[in-house]
$ cat query15.cif   # mmCIF, C-alpha atoms and all ligand atoms
data_target
#
loop_
_atom_site.label_atom_id
_atom_site.label_comp_id
_atom_site.auth_asym_id
_atom_site.auth_seq_id
_atom_site.Cartn_x
_atom_site.Cartn_y
_atom_site.Cartn_z
CA MET P 136 95.53 110.03 105.43
CA ARG P 137 99.26 110.56 104.92
CA ILE P 138 100.69 110.39 101.40
CA PHE P 139 103.74 108.25 100.60
CA ILE P 140 105.26 107.71 97.16
CA ASP P 141 105.75 104.15 95.90
CA SER P 142 108.95 104.62 93.93
CA ALA P 143 112.73 104.07 93.96
CA ASN P 144 113.38 106.78 91.38
CA ILE P 145 115.32 109.70 92.88
CA GLU P 146 114.08 112.32 90.38
CA GLU P 147 110.42 111.35 90.94
CA ILE P 148 110.86 111.36 94.70
CA ARG P 149 112.66 114.73 94.71
CA GLU P 150 110.03 116.36 92.47
CA ILE P 151 107.10 115.13 94.59
CA ASN P 152 108.88 115.90 97.87
CA ASN P 153 109.31 119.52 96.76
CA MET P 154 105.49 119.90 96.72
CA GLY P 155 105.40 119.65 100.50
CA PHE P 156 102.84 116.90 101.13
CA LEU P 157 105.07 113.82 101.03
CA ALA P 158 105.29 111.95 104.34
CA GLY P 159 107.26 108.85 103.34
CA VAL P 160 108.43 106.43 100.66
CA THR P 161 107.92 102.75 99.94
CA THR P 162 110.10 100.70 97.63
CA ASN P 163 109.97 97.06 96.61
CA PRO P 164 112.43 94.78 94.78
CA SER P 165 110.71 95.35 91.40
CA LEU P 166 110.90 99.15 91.77
CA VAL P 167 114.57 99.07 92.85
CA ALA P 168 115.50 96.63 90.03
CA LYS P 169 114.05 99.08 87.47
CA GLU P 170 116.60 101.70 88.57
CA LYS P 171 119.63 99.41 87.87
CA ARG P 172 121.58 101.06 90.70
CA ASP P 173 123.17 100.00 93.99
CA TYR P 174 120.28 99.19 96.34
CA HIS P 175 121.75 100.64 99.52
CA GLN P 176 122.88 103.79 97.75
CA VAL P 177 119.33 104.33 96.43
CA ILE P 178 117.89 103.99 99.95
CA ARG P 179 120.61 106.34 101.31
CA GLU P 180 119.75 108.99 98.71
CA ILE P 181 116.00 108.69 99.35
CA ALA P 182 116.57 109.07 103.11
CA ALA P 183 118.58 112.24 102.45
CA ILE P 184 115.64 113.74 100.52
CA VAL P 185 112.51 112.66 102.42
CA ASP P 186 112.02 113.24 106.13
CA GLY P 187 109.76 110.28 106.88
CA PRO P 188 109.63 106.48 106.89
CA ILE P 189 111.41 104.81 103.95
CA SER P 190 110.44 101.16 103.41
CA ALA P 191 113.22 98.92 102.09
CA GLU P 192 112.40 95.27 101.44
CA VAL P 193 114.43 92.18 102.29
CA ILE P 194 114.99 89.64 99.51
CA SER P 195 115.83 86.59 101.66
CA LEU P 196 113.09 84.13 102.54
CA ASP P 197 114.96 82.46 105.44
CA LEU P 198 115.07 83.95 108.93
CA ASP P 199 118.83 84.48 109.21
CA GLY P 200 118.96 86.08 105.78
CA MET P 201 116.03 88.39 106.56
CA LEU P 202 117.57 89.47 109.85
CA GLN P 203 121.02 90.04 108.35
CA GLU P 204 119.58 92.15 105.52
CA ALA P 205 117.38 94.04 107.98
CA GLU P 206 120.33 94.92 110.24
CA VAL P 207 122.29 96.36 107.30
CA LEU P 208 119.31 98.29 105.89
CA ALA P 209 118.38 99.67 109.32
CA GLN P 210 121.88 101.10 109.70
CA ILE P 211 121.51 103.23 106.57
CA HIS P 212 119.22 105.73 108.31
CA THR P 213 116.95 105.86 111.37
CA ASN P 214 113.96 106.41 109.03
CA VAL P 215 114.45 103.07 107.26
CA VAL P 216 111.56 100.64 107.78
CA ILE P 217 112.22 96.99 106.99
CA LYS P 218 109.65 95.61 104.56
CA ILE P 219 109.05 91.90 105.09
CA PRO P 220 106.71 89.58 103.16
CA LEU P 221 103.91 88.03 105.20
CA THR P 222 105.08 84.44 105.63
CA ALA P 223 105.51 82.35 108.77
CA THR P 224 109.23 83.23 108.68
CA GLY P 225 108.37 86.86 107.98
CA LEU P 226 106.28 86.95 111.16
CA GLN P 227 109.23 85.59 113.15
CA ALA P 228 111.49 88.26 111.67
CA ILE P 229 108.95 91.01 112.42
CA SER P 230 108.68 89.83 116.02
CA ILE P 231 112.48 89.74 116.53
CA LEU P 232 113.01 93.13 114.86
CA SER P 233 110.18 94.78 116.80
CA LYS P 234 111.81 93.67 120.07
CA LYS P 235 114.96 95.44 118.87
CA GLU P 236 112.83 98.51 118.09
CA ILE P 237 113.50 98.22 114.37
CA ALA P 238 110.41 99.37 112.44
CA THR P 239 108.83 96.89 110.02
CA ASN P 240 106.28 96.95 107.23
CA ALA P 241 104.49 93.63 106.63
CA THR P 242 104.03 93.48 102.88
CA LEU P 243 102.06 91.38 100.39
CA ILE P 244 99.02 91.43 102.69
CA PHE P 245 95.94 89.92 101.04
CA SER P 246 93.70 89.13 104.05
CA ALA P 247 92.63 90.72 107.32
CA ASN P 248 93.93 87.58 109.04
CA GLN P 249 97.43 88.24 107.72
CA ALA P 250 97.14 91.86 108.87
CA ILE P 251 96.10 91.00 112.44
CA LEU P 252 98.90 88.42 112.76
CA ALA P 253 101.45 90.99 111.54
CA ALA P 254 100.13 93.59 113.98
CA ARG P 255 100.21 91.16 116.90
CA ALA P 256 103.77 90.11 115.94
CA GLY P 257 104.79 93.77 116.28
CA ALA P 258 104.71 95.19 112.74
CA SER P 259 104.79 98.99 112.62
CA TYR P 260 102.90 98.98 109.29
CA VAL P 261 100.86 96.54 107.19
CA SER P 262 100.56 96.93 103.42
CA PRO P 263 97.41 95.48 101.85
CA PHE P 264 97.84 95.29 98.04
CA LEU P 265 94.56 96.75 96.81
CA GLY P 266 95.21 96.78 93.05
CA ARG P 267 96.41 93.19 93.01
CA VAL P 268 93.24 92.11 94.88
CA ASP P 269 91.19 93.90 92.19
CA ASP P 270 93.32 92.18 89.51
CA ASN P 271 92.11 88.86 90.89
CA GLY P 272 88.45 89.75 90.58
CA ASN P 273 87.91 90.75 94.21
CA ASP P 274 87.45 94.16 95.83
CA GLY P 275 90.62 95.54 97.44
CA MET P 276 88.58 98.15 99.30
CA ILE P 277 86.67 95.43 101.17
CA LEU P 278 90.03 94.09 102.35
CA LEU P 279 91.14 97.57 103.43
CA ASN P 280 87.86 98.24 105.23
CA ASP P 281 88.09 94.87 107.05
CA ILE P 282 91.62 95.68 108.27
CA VAL P 283 90.63 99.20 109.38
CA THR P 284 87.65 97.75 111.31
CA VAL P 285 89.70 95.03 113.02
CA PHE P 286 92.52 97.43 113.97
CA ASP P 287 89.99 100.00 115.29
CA ASN P 288 88.13 97.34 117.31
CA TYR P 289 91.29 96.46 119.21
CA MET P 290 93.00 99.86 119.09
CA LEU P 291 96.08 98.34 117.42
CA ASP P 292 98.98 100.78 116.95
CA THR P 293 100.06 99.26 113.62
CA GLU P 294 99.44 101.68 110.76
CA ILE P 295 97.77 100.65 107.52
CA ILE P 296 99.44 101.55 104.22
CA ALA P 297 97.05 101.22 101.26
CA ALA P 298 99.43 99.82 98.61
CA SER P 299 99.25 98.69 94.99
CA ILE P 300 97.29 101.85 94.21
CA ARG P 301 96.57 102.01 90.48
CA HIS P 302 94.43 105.13 89.91
CA PRO P 303 93.17 108.30 91.65
CA MET P 304 89.85 106.69 92.70
CA HIS P 305 91.81 104.14 94.72
CA VAL P 306 93.26 107.04 96.73
CA ILE P 307 89.85 108.62 97.45
CA GLN P 308 88.40 105.23 98.39
CA ALA P 309 91.37 104.44 100.65
CA ALA P 310 90.90 107.79 102.44
CA LYS P 311 87.14 107.24 102.80
CA ASN P 312 87.80 103.80 104.25
CA GLY P 313 90.10 105.24 106.91
CA SER P 314 93.55 104.10 105.74
CA HIS P 315 96.30 105.82 107.74
CA ILE P 316 98.56 106.08 104.70
CA ALA P 317 98.35 105.58 100.92
CA THR P 318 101.53 104.81 99.02
CA ILE P 319 101.02 106.08 95.52
CA PRO P 320 103.03 105.69 92.27
CA TYR P 321 104.41 108.89 90.71
CA LYS P 322 102.05 108.66 87.71
CA VAL P 323 98.97 108.49 89.96
CA ILE P 324 100.17 111.44 92.09
CA LYS P 325 100.48 113.47 88.87
CA GLN P 326 96.94 112.38 87.88
CA MET P 327 95.66 113.50 91.31
CA ILE P 328 97.13 116.98 90.80
CA LYS P 329 95.73 117.53 87.32
CA HIS P 330 92.14 118.49 86.52
CA PRO P 331 91.00 119.68 83.06
CA MET P 332 88.74 122.32 84.66
CA THR P 333 91.68 123.79 86.60
CA ASP P 334 93.62 124.07 83.30
CA ALA P 335 90.59 125.54 81.50
CA GLY P 336 90.04 127.97 84.40
CA ILE P 337 93.65 129.22 84.26
CA GLU P 338 93.41 129.61 80.49
CA LYS P 339 90.22 131.70 80.79
CA PHE P 340 91.62 133.89 83.60
CA LEU P 341 94.72 134.62 81.51
CA ARG P 342 92.68 135.28 78.34
CA ASP P 343 90.37 137.70 80.20
CA TRP P 344 93.39 139.38 81.78
CA LYS P 345 95.14 139.90 78.41
CA GLU P 346 91.91 141.19 76.81
CA SER P 347 91.57 143.85 79.52
CA MET P 348 95.09 145.21 78.76
O1 LIG Z 1 105.11 98.61 96.73
C1 LIG Z 1 104.12 97.68 96.80
C2 LIG Z 1 102.93 97.88 95.89
O2 LIG Z 1 102.49 99.19 95.95
C3 LIG Z 1 103.06 97.31 94.51
O3 LIG Z 1 102.10 97.77 93.60
O4 LIG Z 1 101.14 98.04 91.34
O5 LIG Z 1 103.05 96.44 91.69
O6 LIG Z 1 100.77 95.92 92.54
P1 LIG Z 1 101.76 96.99 92.22
#
$ encode --input "query15.cif" --output "structure tokens"
Amino acid sequence: MRIFIDSANIEEIREINNMGFLAGVTTNPSLVAKEKRDYHQVIREIAAIVDGPISAEVISLDLDGMLQEAEVLAQIHTNVVIKIPLTATGLQAISILSKKEIATNATLIFSANQAILAARAGASYVSPFLGRVDDNGNDGMILLNDIVTVFDNYMLDTEIIAASIRHPMHVIQAAKNGSHIATIPYKVIKQMIKHPMTDAGIEKFLRDWKESM
């Protein structure tokens, strides 16, 4: 499973990218709004840091608006992937963009049916929102597993991004369920790195070392 960061914060992205495992970035309108900066400039800076797909979402809900935004975003960098919400219009936009070889990420996926429609329309990625499924009293991992099974059955090329990850167990479960990618918030990546026994082990090694001096 490849690791993406779900963030629009340049410092977070740079810090995590320096650790060598980062394969891409996803943003969404809420994450970009938090930064209070020019949207296109943020995407430009991320693309200059991370050598991998960078998802940038359209805000428009109508087809012309989606396509216009997509064209502008796609020109920022060849790694930009256009994130499009899974609506009937979104499917049209995905289909048109895929014919122009512009990569797309179908977002706000809450059912395997939505995922298969996005894949058949030509989406490069689908993003099931695991945490938000859990928030609603259902099991996001069942959704992920259903999508993995359906895509495997028909050897679909579309890659699955486990999104709306809320804690380290989500990451392990996404990997065990065969997700191609997990997009993970900065805080959860930091939680994945840290283990109290690693810290205790370092402390003991250093104590023993000093005592032997
Ligand atoms: O970027 C999309 C997704 O990861 C959002 O997560 O935590 O707002 O449900 P969350």
$ residues_around --input "query15.cif" --residues "P:Ile217" --least-positions-apart "6" --cutoff "9 Å" --atoms "all atoms listed in the file" --output "MDAnalysis selection string"
chainID P and resid 189:193 204:206 208:209 229 232 237:241
$ closest_residue --input "query15.cif" --among "P:Leu226, P:Val261, P:Leu202, P:Ala143" --to "P:Lys169" --atoms "only C-alpha atoms"
P:Ala143
$ axis_aligned_box --input "query15.cif" --around "ligand LIG 1 (chain Z)" --padding-each-side "6 Å" --output "AutoDock Vina command-line options"
--center_x 102.9 --center_y 97.6 --center_z 94.1 --size_x 16.3 --size_y 15.3 --size_z 17.5
$ residues_around --input "query15.cif" --residues "P:Ile151" --least-positions-apart "6" --cutoff "9 Å" --atoms "all atoms listed in the file" --output "JSON, numbers by chain"
{"P": [140, 157, 321, 324, 325]}
$ residues_near_ligand --input "query15.cif" --ligand "ligand LIG 1 (chain Z)" --cutoff "6 Å" --atoms "all atoms listed in the file" --output "PyMOL selection string"
chain P and resi 141+161-163+266-267+298-299
$ atom_distance --input "query15.cif" --atom1 "atom CA of P:Gly187" --atom2 "atom CA of P:Gln326"
23.0 Å
$ residues_near_point --input "query15.cif" --point "(109.8, 90.8, 119.4)" --cutoff "12 Å" --atoms "all atoms listed in the file" --output "list in words"
Leu226, Gln227, Ala228, Ile229, Ser230, Ile231, Leu232, Ser233, Lys234, Lys235, Glu236, Ile237, Ala238, Thr239, Ala253, Ala254, Arg255, Ala256, Gly257, Ala258 and Ser259 of chain P
$ atom_distance --input "query15.cif" --atom1 "atom CA of P:Pro331" --atom2 "atom CA of P:His305"
19.4 Å
$ atom_distance --input "query15.cif" --atom1 "atom CA of P:Gly313" --atom2 "atom CA of P:Asn280"
7.5 Å
$ closest_residue --input "query15.cif" --among "P:Ser262, P:Thr284, P:Thr224, P:Asn312" --to "P:Asp197" --atoms "only C-alpha atoms"
P:Thr224
